[in-house]
file structure.csv (CSV, C-alpha atoms and all ligand atoms)
chain,number,residue,atom,x,y,z
A,1,MET,CA,-1.0,-16.5,-2.5
A,2,LYS,CA,0.0,-13.1,-1.0
A,3,ARG,CA,-0.4,-10.4,-3.5
A,4,GLN,CA,0.9,-6.8,-3.2
A,5,LYS,CA,-1.9,-4.7,-1.6
A,6,ILE,CA,-2.2,-1.3,-3.3
A,7,VAL,CA,-4.2,1.8,-2.8
A,8,ALA,CA,-3.8,4.4,-5.6
A,9,GLY,CA,-5.2,7.9,-5.3
A,10,ASN,CA,-6.4,9.4,-8.6
A,11,TRP,CA,-6.5,13.1,-7.9
A,12,LYS,CA,-7.8,13.8,-11.5
A,13,MET,CA,-7.9,17.6,-12.4
A,14,ASN,CA,-8.1,18.8,-8.8
A,15,LYS,CA,-6.0,20.9,-6.4
A,16,THR,CA,-3.8,24.0,-6.8
A,17,HIS,CA,-0.1,23.8,-6.2
A,18,GLU,CA,-0.4,24.8,-2.5
A,19,GLU,CA,-3.3,22.4,-1.9
A,20,ALA,CA,-1.5,19.5,-3.6
A,21,LEU,CA,1.7,19.9,-1.5
A,22,SER,CA,-0.3,20.3,1.6
A,23,LEU,CA,-2.3,17.1,1.0
A,24,ALA,CA,0.9,15.2,0.3
A,25,GLN,CA,2.6,16.6,3.4
A,26,THR,CA,-0.4,15.7,5.6
A,27,LEU,CA,-0.4,12.1,4.3
A,28,THR,CA,3.3,11.7,5.2
A,29,GLU,CA,2.3,12.5,8.8
A,30,LYS,CA,-0.5,9.9,8.9
A,31,SER,CA,-0.1,6.4,10.1
A,32,LEU,CA,-0.1,4.3,6.9
A,33,PRO,CA,0.4,0.5,6.9
A,34,SER,CA,3.8,-0.6,5.8
A,35,ASP,CA,2.6,-3.6,3.8
A,36,VAL,CA,0.4,-1.5,1.5
A,37,LYS,CA,1.8,0.3,-1.5
A,38,VAL,CA,0.2,3.7,-1.6
A,39,ILE,CA,0.5,5.6,-4.9
A,40,LEU,CA,-0.5,9.2,-5.3
A,41,CYS,CA,-1.4,9.8,-9.0
A,42,THR,CA,-1.3,13.6,-9.0
A,43,PRO,CA,-1.7,16.0,-11.9
A,44,SER,CA,1.6,15.8,-13.8
A,45,VAL,CA,2.6,19.4,-13.0
A,46,PHE,CA,2.8,18.4,-9.3
A,47,CYS,CA,4.5,15.0,-9.7
A,48,SER,CA,8.0,16.4,-9.2
A,49,GLU,CA,7.3,18.2,-5.9
A,50,VAL,CA,4.9,15.7,-4.5
A,51,GLY,CA,7.5,13.0,-5.4
A,52,LYS,CA,10.1,14.8,-3.3
A,53,ILE,CA,7.7,15.1,-0.4
A,54,VAL,CA,7.0,11.3,-0.4
A,55,ALA,CA,10.5,10.2,-1.5
A,56,ASN,CA,11.7,8.7,1.8
A,57,HIS,CA,8.3,7.5,3.0
A,58,PRO,CA,8.0,3.7,3.5
A,59,SER,CA,4.6,3.4,1.8
A,60,LEU,CA,4.0,6.5,-0.3
A,61,ASN,CA,4.9,6.6,-4.0
A,62,ILE,CA,4.4,9.1,-6.8
A,63,GLY,CA,2.4,8.3,-9.9
A,64,ALA,CA,0.9,10.1,-12.9
A,65,GLN,CA,-2.5,10.0,-14.5
A,66,ASN,CA,-1.4,9.7,-18.2
A,67,CYS,CA,1.4,10.0,-20.6
A,68,HIS,CA,1.6,10.3,-24.4
A,69,HIS,CA,1.9,7.2,-26.5
A,70,GLU,CA,4.9,8.4,-28.5
A,71,GLU,CA,8.4,8.7,-27.2
A,72,SER,CA,8.9,12.4,-27.9
A,73,GLY,CA,8.3,15.0,-30.6
A,74,ALA,CA,5.9,17.6,-32.0
A,75,TYR,CA,2.9,16.9,-29.7
A,76,THR,CA,2.1,20.4,-28.2
A,77,GLY,CA,0.9,20.2,-24.6
A,78,GLU,CA,1.6,16.6,-24.1
A,79,VAL,CA,3.7,14.9,-21.4
A,80,SER,CA,6.0,12.0,-22.2
A,81,ALA,CA,6.8,8.8,-20.3
A,82,ALA,CA,10.5,9.9,-20.3
A,83,MET,CA,9.7,13.2,-18.8
A,84,LEU,CA,7.8,11.5,-16.0
A,85,GLN,CA,10.5,9.0,-15.5
A,86,SER,CA,13.1,11.8,-15.2
A,87,ILE,CA,11.3,13.3,-12.3
A,88,GLY,CA,11.0,10.0,-10.5
A,89,VAL,CA,7.5,8.8,-11.5
A,90,GLN,CA,7.3,5.0,-11.4
A,91,TYR,CA,3.5,4.5,-12.0
A,92,VAL,CA,1.2,5.8,-14.7
A,93,ILE,CA,-2.5,5.3,-15.1
A,94,VAL,CA,-3.4,4.0,-18.6
A,95,GLY,CA,-6.8,3.6,-20.1
A,96,HIS,CA,-8.9,5.4,-17.5
A,97,SER,CA,-12.5,5.5,-18.8
A,98,GLU,CA,-12.6,9.3,-18.7
A,99,ARG,CA,-9.7,9.4,-21.2
A,100,ARG,CA,-11.2,6.6,-23.3
A,101,GLU,CA,-14.4,8.7,-23.5
A,102,TYR,CA,-13.2,12.3,-23.7
A,103,GLN,CA,-9.8,11.8,-25.4
A,104,LYS,CA,-11.2,9.0,-27.6
A,105,GLU,CA,-8.3,6.7,-26.6
A,106,THR,CA,-8.4,3.5,-28.5
A,107,SER,CA,-7.0,0.0,-27.7
A,108,ALA,CA,-4.1,0.6,-30.2
A,109,VAL,CA,-3.1,3.8,-28.3
A,110,LEU,CA,-3.3,2.1,-24.9
A,111,VAL,CA,-1.1,-0.8,-26.2
A,112,LYS,CA,1.5,1.8,-27.3
A,113,LYS,CA,1.4,3.5,-23.9
A,114,ILE,CA,1.8,0.2,-22.0
A,115,ASP,CA,4.7,-0.9,-24.1
A,116,LEU,CA,6.4,2.5,-23.8
A,117,LEU,CA,6.1,2.6,-20.1
A,118,GLN,CA,7.3,-1.0,-19.7
A,119,SER,CA,10.3,-0.3,-22.0
A,120,LYS,CA,11.3,2.3,-19.4
A,121,GLY,CA,10.8,0.0,-16.4
A,122,MET,CA,7.7,1.9,-15.3
A,123,THR,CA,4.5,0.3,-14.2
A,124,PRO,CA,1.2,1.0,-15.9
A,125,ILE,CA,-1.9,1.1,-13.7
A,126,TYR,CA,-4.2,-0.3,-16.4
A,127,CYS,CA,-8.0,0.5,-16.2
A,128,CYS,CA,-10.8,-1.5,-17.6
A,129,GLY,CA,-14.6,-1.6,-16.9
A,130,GLU,CA,-18.0,-1.6,-18.5
A,131,PRO,CA,-20.6,1.1,-19.0
A,132,LEU,CA,-24.0,0.9,-17.4
A,133,LYS,CA,-25.7,-0.3,-20.7
A,134,ILE,CA,-23.4,-3.3,-20.9
A,135,ARG,CA,-24.0,-4.1,-17.2
A,136,GLU,CA,-27.7,-4.0,-17.7
A,137,LYS,CA,-27.5,-6.3,-20.7
A,138,GLY,CA,-25.5,-8.7,-18.6
A,139,THR,CA,-22.5,-8.9,-20.9
A,140,HIS,CA,-20.1,-7.1,-18.6
A,141,VAL,CA,-17.8,-10.1,-18.1
A,142,ARG,CA,-17.4,-10.5,-21.8
A,143,HIS,CA,-16.8,-6.8,-22.3
A,144,VAL,CA,-14.0,-6.6,-19.8
A,145,ALA,CA,-12.5,-9.8,-20.9
A,146,LYS,CA,-12.3,-8.4,-24.4
A,147,GLN,CA,-10.6,-5.2,-23.2
A,148,ILE,CA,-8.0,-7.3,-21.4
A,149,LYS,CA,-7.4,-9.5,-24.5
A,150,ASP,CA,-7.1,-6.5,-26.8
A,151,GLU,CA,-4.9,-4.4,-24.6
A,152,LEU,CA,-2.8,-6.8,-22.5
A,153,PHE,CA,-2.5,-10.1,-24.3
A,154,HIS,CA,0.4,-8.9,-26.4
A,155,LEU,CA,2.5,-8.9,-23.3
A,156,ASP,CA,4.6,-11.9,-22.4
A,157,LYS,CA,4.6,-13.6,-18.9
A,158,ASP,CA,7.2,-11.4,-17.4
A,159,ALA,CA,5.7,-8.1,-18.8
A,160,VAL,CA,2.2,-8.9,-17.7
A,161,GLN,CA,3.4,-9.2,-14.1
A,162,ASN,CA,4.6,-5.6,-14.3
A,163,ILE,CA,1.0,-4.4,-14.7
A,164,ILE,CA,-1.4,-3.2,-12.0
A,165,ILE,CA,-5.0,-3.8,-13.1
A,166,ALA,CA,-7.8,-1.5,-11.9
A,167,TYR,CA,-11.4,-2.7,-12.6
A,168,GLU,CA,-13.6,0.4,-12.7
A,169,PRO,CA,-17.2,-0.1,-13.6
A,170,ILE,CA,-18.0,3.2,-15.4
A,171,TRP,CA,-21.4,3.5,-13.8
A,172,ALA,CA,-19.8,3.6,-10.4
A,173,ILE,CA,-17.1,6.3,-11.1
A,174,GLY,CA,-17.9,9.6,-9.4
A,175,THR,CA,-21.6,8.6,-9.1
A,176,GLY,CA,-21.8,7.4,-5.5
A,177,LEU,CA,-23.0,4.1,-6.8
A,178,THR,CA,-20.4,1.5,-5.7
A,179,ALA,CA,-20.3,-2.0,-7.1
A,180,SER,CA,-21.4,-4.4,-4.3
A,181,PRO,CA,-18.6,-6.5,-2.8
A,182,GLU,CA,-20.1,-9.5,-4.6
A,183,GLN,CA,-20.2,-7.6,-8.0
A,184,ALA,CA,-16.5,-6.6,-7.5
A,185,GLN,CA,-15.4,-10.1,-6.5
A,186,GLU,CA,-17.2,-11.6,-9.4
A,187,MET,CA,-15.5,-9.4,-11.9
A,188,HIS,CA,-12.1,-9.5,-10.3
A,189,ASN,CA,-12.3,-13.3,-10.3
A,190,GLU,CA,-13.3,-13.4,-13.9
A,191,ILE,CA,-10.4,-11.1,-14.8
A,192,ARG,CA,-8.0,-13.4,-12.9
A,193,LYS,CA,-9.5,-16.4,-14.8
A,194,VAL,CA,-8.9,-14.6,-18.2
A,195,LEU,CA,-5.3,-14.0,-17.1
A,196,GLN,CA,-4.9,-17.6,-15.9
A,197,ARG,CA,-6.1,-19.1,-19.1
A,198,LYS,CA,-3.5,-17.1,-21.0
A,199,TYR,CA,-0.6,-17.0,-18.6
A,200,GLY,CA,-1.1,-19.8,-16.1
A,201,LYS,CA,-2.1,-19.7,-12.5
A,202,ARG,CA,1.4,-18.9,-11.1
A,203,VAL,CA,1.3,-15.6,-13.1
A,204,SER,CA,-2.4,-14.7,-12.6
A,205,ASP,CA,-2.1,-15.2,-8.9
A,206,LYS,CA,0.6,-12.6,-8.7
A,207,ILE,CA,-1.2,-9.7,-10.4
A,208,SER,CA,-2.8,-7.1,-8.2
A,209,ILE,CA,-6.4,-6.2,-9.2
A,210,LEU,CA,-7.7,-3.0,-7.7
A,211,TYR,CA,-11.4,-1.9,-7.5
A,212,GLY,CA,-12.3,1.7,-8.5
A,213,GLY,CA,-15.6,3.5,-8.5
A,214,SER,CA,-17.0,5.4,-5.5
A,215,ALA,CA,-14.8,3.5,-3.1
A,216,ASN,CA,-14.7,5.4,0.1
A,217,ALA,CA,-13.8,5.3,3.8
A,218,ALA,CA,-17.1,3.6,4.6
A,219,ASN,CA,-17.1,0.8,2.0
A,220,ALA,CA,-13.4,0.0,1.5
A,221,LYS,CA,-13.2,-2.6,4.2
A,222,THR,CA,-15.9,-4.9,2.7
A,223,LEU,CA,-14.5,-4.4,-0.8
A,224,PHE,CA,-10.9,-5.2,0.3
A,225,ALA,CA,-12.1,-8.2,2.2
A,226,GLN,CA,-13.0,-10.0,-1.1
A,227,PRO,CA,-10.4,-12.6,-2.0
A,228,ASP,CA,-9.6,-11.2,-5.5
A,229,VAL,CA,-9.8,-7.5,-4.6
A,230,ASP,CA,-6.2,-6.4,-3.8
A,231,GLY,CA,-6.9,-2.7,-3.2
A,232,GLY,CA,-8.4,0.3,-4.8
A,233,LEU,CA,-8.1,3.1,-7.3
A,234,ILE,CA,-9.7,6.0,-5.4
A,235,GLY,CA,-10.9,9.2,-7.0
A,236,GLY,CA,-13.0,11.6,-4.9
A,237,ALA,CA,-12.1,10.1,-1.5
A,238,SER,CA,-8.3,10.4,-2.3
A,239,LEU,CA,-8.6,14.2,-2.1
A,240,LYS,CA,-9.3,14.2,1.7
A,241,ALA,CA,-6.3,13.1,3.8
A,242,ASP,CA,-8.4,11.5,6.6
A,243,ASP,CA,-10.7,9.5,4.3
A,244,PHE,CA,-7.8,8.3,2.2
A,245,THR,CA,-5.8,7.3,5.3
A,246,THR,CA,-8.9,5.3,6.5
A,247,ILE,CA,-9.0,3.6,3.1
A,248,CYS,CA,-5.3,2.7,3.2
A,249,ASN,CA,-5.9,1.1,6.6
A,250,SER,CA,-9.0,-0.9,5.5
A,251,TYR,CA,-7.4,-4.3,4.8
B,301,LIG,P1,-14.2,7.8,-7.8
B,301,LIG,O1,-13.2,7.7,-9.0
B,301,LIG,O2,-13.5,7.1,-6.7
B,301,LIG,O3,-14.3,9.3,-7.6
B,301,LIG,O4,-15.4,7.2,-8.3
B,301,LIG,C1,-12.4,6.6,-9.3
B,301,LIG,C2,-11.6,6.7,-10.5
B,301,LIG,O5,-12.1,7.2,-11.5
B,301,LIG,O6,-10.4,6.3,-10.6
call {"tool": "encode", "arguments": {"input": "structure.csv", "output": "structure tokens", "more": "lines below"}}
Ligand code: PGA
result
Amino acid sequence: MKRQKIVAGNWKMNKTHEEALSLAQTLTEKSLPSDVKVILCTPSVFCSEVGKIVANHPSLNIGAQNCHHEESGAYTGEVSAAMLQSIGVQYVIVGHSERREYQKETSAVLVKKIDLLQSKGMTPIYCCGEPLKIREKGTHVRHVAKQIKDELFHLDKDAVQNIIIAYEPIWAIGTGLTASPEQAQEMHNEIRKVLQRKYGKRVSDKISILYGGSANAANAKTLFAQPDVDGGLIGGASLKADDFTTICNSY
């Protein structure tokens, strides 16, 4: 089964206007593989302009890091899915562990975001993953399976195929501690089995599952070589054009 290969860069709260445009421009000049979908999830203030820079590029796409769970209204400071869509954003990260922790995002809120994005034909990049304590207890598979059941299982067979999943063990994010290729493969395979039991093999075989958590230019190759790892959600290493390009060329 050939699944879409995807590398998404999560720039988080980094870069000024000038730096953001310069990074995007530099990436358009790099040699990127045509069979990999590369998504730049920039801060939402830069999505419009970065979107224009990558608009005609064969592999580069624009994404956002979050949207509000309501359609519109009195939510001072928030950005809606419709706003992002109106500037050409097709992909939005949902459920990143940093937002679950700092913004106290619950499963109920994530379900609303996923449904709202899908109702607009946009694609959520849905994040799941366990904290260190759970990994140490050995209940990580059960923990992630529950996240998926609580947050994705309301979707029907068609809708669930319009989700990109990112497995991001929290203990590996920004810490320099990467999951080993075996740990990543184990969890990706378990996630695919959870999806298979609910939606069948034809569907579960189609869903791209990305690994995130200190993935970098040096370790991407062995991670991407795992049969159930379809790419990466890259934080720190997506801020450097050369490193990110190497990661995109690591299949
Ligand atoms: P990292 O972040 O690559 O800097 O660990 C990944 C993420 O949080 O998406």
call {"tool": "residues_near_ligand", "arguments": {"input": "structure.csv", "ligand": "ligand LIG 301 (chain B)", "cutoff": "9 Å", "atoms": "only C-alpha atoms and all ligand atoms", "output": "PyMOL selection string"}}
result
chain A and resi 8-12+96-98+127+166+168+170-178+211-216+232-238
call {"tool": "residues_around", "arguments": {"input": "structure.csv", "residues": "Met83 (chain A)", "least_positions_apart": "3", "cutoff": "10 Å", "atoms": "only C-alpha atoms", "output": "mmCIF file with C-alpha atoms, in the coordinates of the input"}}
result
data_model
loop_
_atom_site.group_PDB
_atom_site.id
_atom_site.type_symbol
_atom_site.label_atom_id
_atom_site.label_comp_id
_atom_site.auth_asym_id
_atom_site.auth_seq_id
_atom_site.Cartn_x
_atom_site.Cartn_y
_atom_site.Cartn_z
ATOM 1 C CA SER A 44 1.600 15.800 -13.800
ATOM 2 C CA CYS A 67 1.400 10.000 -20.600
ATOM 3 C CA GLU A 71 8.400 8.700 -27.200
ATOM 4 C CA SER A 72 8.900 12.400 -27.900
ATOM 5 C CA VAL A 79 3.700 14.900 -21.400
ATOM 6 C CA SER A 80 6.000 12.000 -22.200
ATOM 7 C CA SER A 86 13.100 11.800 -15.200
ATOM 8 C CA ILE A 87 11.300 13.300 -12.300
ATOM 9 C CA GLY A 88 11.000 10.000 -10.500
ATOM 10 C CA VAL A 89 7.500 8.800 -11.500
#
call {"tool": "residues_around", "arguments": {"input": "structure.csv", "residues": "Leu60 (chain A)", "least_positions_apart": "4", "cutoff": "10 Å", "atoms": "all atoms listed in the file", "output": "PyMOL selection string"}}
result
chain A and resi 7-8+24+27-28+32+34+36-40+51+53-56
call {"tool": "closest_residue", "arguments": {"input": "structure.csv", "among": "A:Gln85, A:Ser107, A:Ser208, A:Asn61", "to": "Ile125 (chain A)", "atoms": "only C-alpha atoms"}}
result
A:Ser208
call {"tool": "closest_residue", "arguments": {"input": "structure.csv", "among": "A:Pro58, A:His140, A:Gln90, A:Leu223", "to": "Glu190 (chain A)", "atoms": "all atoms listed in the file"}}
result
A:His140
call {"tool": "atom_distance", "arguments": {"input": "structure.csv", "atom1": "CA of Ala74 (chain A)", "atom2": "CA of Gln103 (chain A)"}}
result
18.0 Å
call {"tool": "residues_near_point", "arguments": {"input": "structure.csv", "point": "(-12.0, -4.6, -12.4)", "cutoff": "10 Å", "atoms": "all atoms listed in the file", "output": "short mmCIF file (atom, residue, chain, number, x, y, z; two decimals) with C-alpha atoms, in the coordinates of the input"}}
result
data_model
loop_
_atom_site.label_atom_id
_atom_site.label_comp_id
_atom_site.auth_asym_id
_atom_site.auth_seq_id
_atom_site.Cartn_x
_atom_site.Cartn_y
_atom_site.Cartn_z
CA TYR A 126 -4.20 -0.30 -16.40
CA CYS A 127 -8.00 0.50 -16.20
CA CYS A 128 -10.80 -1.50 -17.60
CA GLY A 129 -14.60 -1.60 -16.90
CA GLU A 130 -18.00 -1.60 -18.50
CA VAL A 141 -17.80 -10.10 -18.10
CA VAL A 144 -14.00 -6.60 -19.80
CA ALA A 145 -12.50 -9.80 -20.90
CA ILE A 165 -5.00 -3.80 -13.10
CA ALA A 166 -7.80 -1.50 -11.90
CA TYR A 167 -11.40 -2.70 -12.60
CA GLU A 168 -13.60 0.40 -12.70
CA PRO A 169 -17.20 -0.10 -13.60
CA GLN A 183 -20.20 -7.60 -8.00
CA ALA A 184 -16.50 -6.60 -7.50
CA GLN A 185 -15.40 -10.10 -6.50
CA GLU A 186 -17.20 -11.60 -9.40
CA MET A 187 -15.50 -9.40 -11.90
CA HIS A 188 -12.10 -9.50 -10.30
CA ASN A 189 -12.30 -13.30 -10.30
CA GLU A 190 -13.30 -13.40 -13.90
CA ILE A 191 -10.40 -11.10 -14.80
CA ARG A 192 -8.00 -13.40 -12.90
CA ILE A 209 -6.40 -6.20 -9.20
CA LEU A 210 -7.70 -3.00 -7.70
CA TYR A 211 -11.40 -1.90 -7.50
CA GLY A 212 -12.30 1.70 -8.50
CA GLY A 213 -15.60 3.50 -8.50
CA ASP A 228 -9.60 -11.20 -5.50
CA VAL A 229 -9.80 -7.50 -4.60
CA GLY A 232 -8.40 0.30 -4.80
#
call {"tool": "atom_distance", "arguments": {"input": "structure.csv", "atom1": "CA of Lys104 (chain A)", "atom2": "CA of His68 (chain A)"}}
result
13.3 Å
call {"tool": "closest_residue", "arguments": {"input": "structure.csv", "among": "A:Val160, A:Thr106, A:Ile114, A:Lys5", "to": "Phe224 (chain A)", "atoms": "all atoms listed in the file"}}
result
A:Lys5
call {"tool": "closest_residue", "arguments": {"input": "structure.csv", "among": "A:Glu182, A:Asp230, A:Glu101, A:Asp35", "to": "Asp205 (chain A)", "atoms": "only C-alpha atoms"}}
result
A:Asp230
call {"tool": "atom_distance", "arguments": {"input": "structure.csv", "atom1": "CA of Lys206 (chain A)", "atom2": "CA of Ile6 (chain A)"}}
result
12.8 Å
call {"tool": "residues_near_point", "arguments": {"input": "structure.csv", "point": "(-3.7, -4.2, -22.7)", "cutoff": "9 Å", "atoms": "only C-alpha atoms", "output": "VMD selection string"}}
result
chain A and resid 95 107 to 108 110 to 111 114 126 147 to 155
call {"tool": "residues_around", "arguments": {"input": "structure.csv", "residues": "Lys15 (chain A)", "least_positions_apart": "3", "cutoff": "10 Å", "atoms": "only C-alpha atoms", "output": "list in words"}}
result
Trp11, Lys12, Glu18, Glu19, Ala20, Leu21, Ser22, Leu23, Thr42, Pro43, Phe46 and Leu239 of chain A
call {"tool": "residues_around", "arguments": {"input": "structure.csv", "residues": "Ser119 (chain A)", "least_positions_apart": "6", "cutoff": "10 Å", "atoms": "only C-alpha atoms", "output": "PDB file with C-alpha atoms, keeping the file's coordinate frame"}}
result
ATOM      1  CA  ALA A  81       6.800   8.800 -20.300  1.00  0.00           C
ATOM      2  CA  LYS A 113       1.400   3.500 -23.900  1.00  0.00           C
ATOM      3  CA  ALA A 159       5.700  -8.100 -18.800  1.00  0.00           C
TER       4      ALA A 159
END
call {"tool": "closest_residue", "arguments": {"input": "structure.csv", "among": "A:Gly77, A:Ile247, A:Ala64, A:Lys30", "to": "Asn219 (chain A)", "atoms": "all atoms listed in the file"}}
result
A:Ile247
call {"tool": "decode", "arguments": {"input": "structure.csv", "residues": "region 196-212 of chain A", "atoms": "N, CA and C atoms", "output": "PDB file, in the first residue's frame"}}
result
ATOM      1  N   GLN A 196      -7.755   0.236  12.050  1.00  0.00           N
ATOM      2  CA  GLN A 196      -8.209  -0.918  11.259  1.00  0.00           C
ATOM      3  C   GLN A 196      -9.406  -1.610  11.905  1.00  0.00           C
ATOM      4  N   ARG A 197      -9.350  -1.757  13.239  1.00  0.00           N
ATOM      5  CA  ARG A 197     -10.459  -2.427  13.930  1.00  0.00           C
ATOM      6  C   ARG A 197     -11.761  -1.648  13.759  1.00  0.00           C
ATOM      7  N   LYS A 198     -11.658  -0.332  13.692  1.00  0.00           N
ATOM      8  CA  LYS A 198     -12.868   0.488  13.589  1.00  0.00           C
ATOM      9  C   LYS A 198     -13.309   0.673  12.122  1.00  0.00           C
ATOM     10  N   TYR A 199     -12.333   0.897  11.238  1.00  0.00           N
ATOM     11  CA  TYR A 199     -12.681   1.322   9.875  1.00  0.00           C
ATOM     12  C   TYR A 199     -12.345   0.304   8.783  1.00  0.00           C
ATOM     13  N   GLY A 200     -11.623  -0.778   9.175  1.00  0.00           N
ATOM     14  CA  GLY A 200     -11.224  -1.761   8.172  1.00  0.00           C
ATOM     15  C   GLY A 200      -9.855  -1.441   7.599  1.00  0.00           C
ATOM     16  N   LYS A 201      -9.260  -2.479   7.032  1.00  0.00           N
ATOM     17  CA  LYS A 201      -7.871  -2.379   6.564  1.00  0.00           C
ATOM     18  C   LYS A 201      -7.723  -1.426   5.370  1.00  0.00           C
ATOM     19  N   ARG A 202      -8.711  -1.454   4.481  1.00  0.00           N
ATOM     20  CA  ARG A 202      -8.633  -0.599   3.278  1.00  0.00           C
ATOM     21  C   ARG A 202      -8.476   0.871   3.691  1.00  0.00           C
ATOM     22  N   VAL A 203      -9.209   1.256   4.726  1.00  0.00           N
ATOM     23  CA  VAL A 203      -9.158   2.641   5.205  1.00  0.00           C
ATOM     24  C   VAL A 203      -7.883   2.892   6.010  1.00  0.00           C
ATOM     25  N   SER A 204      -7.578   2.000   6.946  1.00  0.00           N
ATOM     26  CA  SER A 204      -6.420   2.247   7.827  1.00  0.00           C
ATOM     27  C   SER A 204      -5.107   2.260   7.041  1.00  0.00           C
ATOM     28  N   ASP A 205      -5.081   1.508   5.945  1.00  0.00           N
ATOM     29  CA  ASP A 205      -3.875   1.477   5.119  1.00  0.00           C
ATOM     30  C   ASP A 205      -3.634   2.788   4.384  1.00  0.00           C
ATOM     31  N   LYS A 206      -4.678   3.619   4.300  1.00  0.00           N
ATOM     32  CA  LYS A 206      -4.542   4.851   3.509  1.00  0.00           C
ATOM     33  C   LYS A 206      -4.114   6.055   4.335  1.00  0.00           C
ATOM     34  N   ILE A 207      -4.217   5.935   5.673  1.00  0.00           N
ATOM     35  CA  ILE A 207      -4.016   7.122   6.507  1.00  0.00           C
ATOM     36  C   ILE A 207      -2.532   7.334   6.824  1.00  0.00           C
ATOM     37  N   SER A 208      -2.024   8.507   6.495  1.00  0.00           N
ATOM     38  CA  SER A 208      -0.614   8.803   6.756  1.00  0.00           C
ATOM     39  C   SER A 208      -0.419   9.110   8.238  1.00  0.00           C
ATOM     40  N   ILE A 209       0.564   8.445   8.838  1.00  0.00           N
ATOM     41  CA  ILE A 209       0.885   8.674  10.253  1.00  0.00           C
ATOM     42  C   ILE A 209       2.325   9.206  10.330  1.00  0.00           C
ATOM     43  N   LEU A 210       2.454  10.434  10.834  1.00  0.00           N
ATOM     44  CA  LEU A 210       3.755  11.098  10.915  1.00  0.00           C
ATOM     45  C   LEU A 210       4.340  10.939  12.308  1.00  0.00           C
ATOM     46  N   TYR A 211       5.657  10.924  12.389  1.00  0.00           N
ATOM     47  CA  TYR A 211       6.312  10.914  13.694  1.00  0.00           C
ATOM     48  C   TYR A 211       6.789  12.332  14.022  1.00  0.00           C
ATOM     49  N   GLY A 212       6.630  12.752  15.269  1.00  0.00           N
ATOM     50  CA  GLY A 212       7.150  14.051  15.704  1.00  0.00           C
ATOM     51  C   GLY A 212       7.782  13.955  17.075  1.00  0.00           C
TER      52      GLY A 212
END
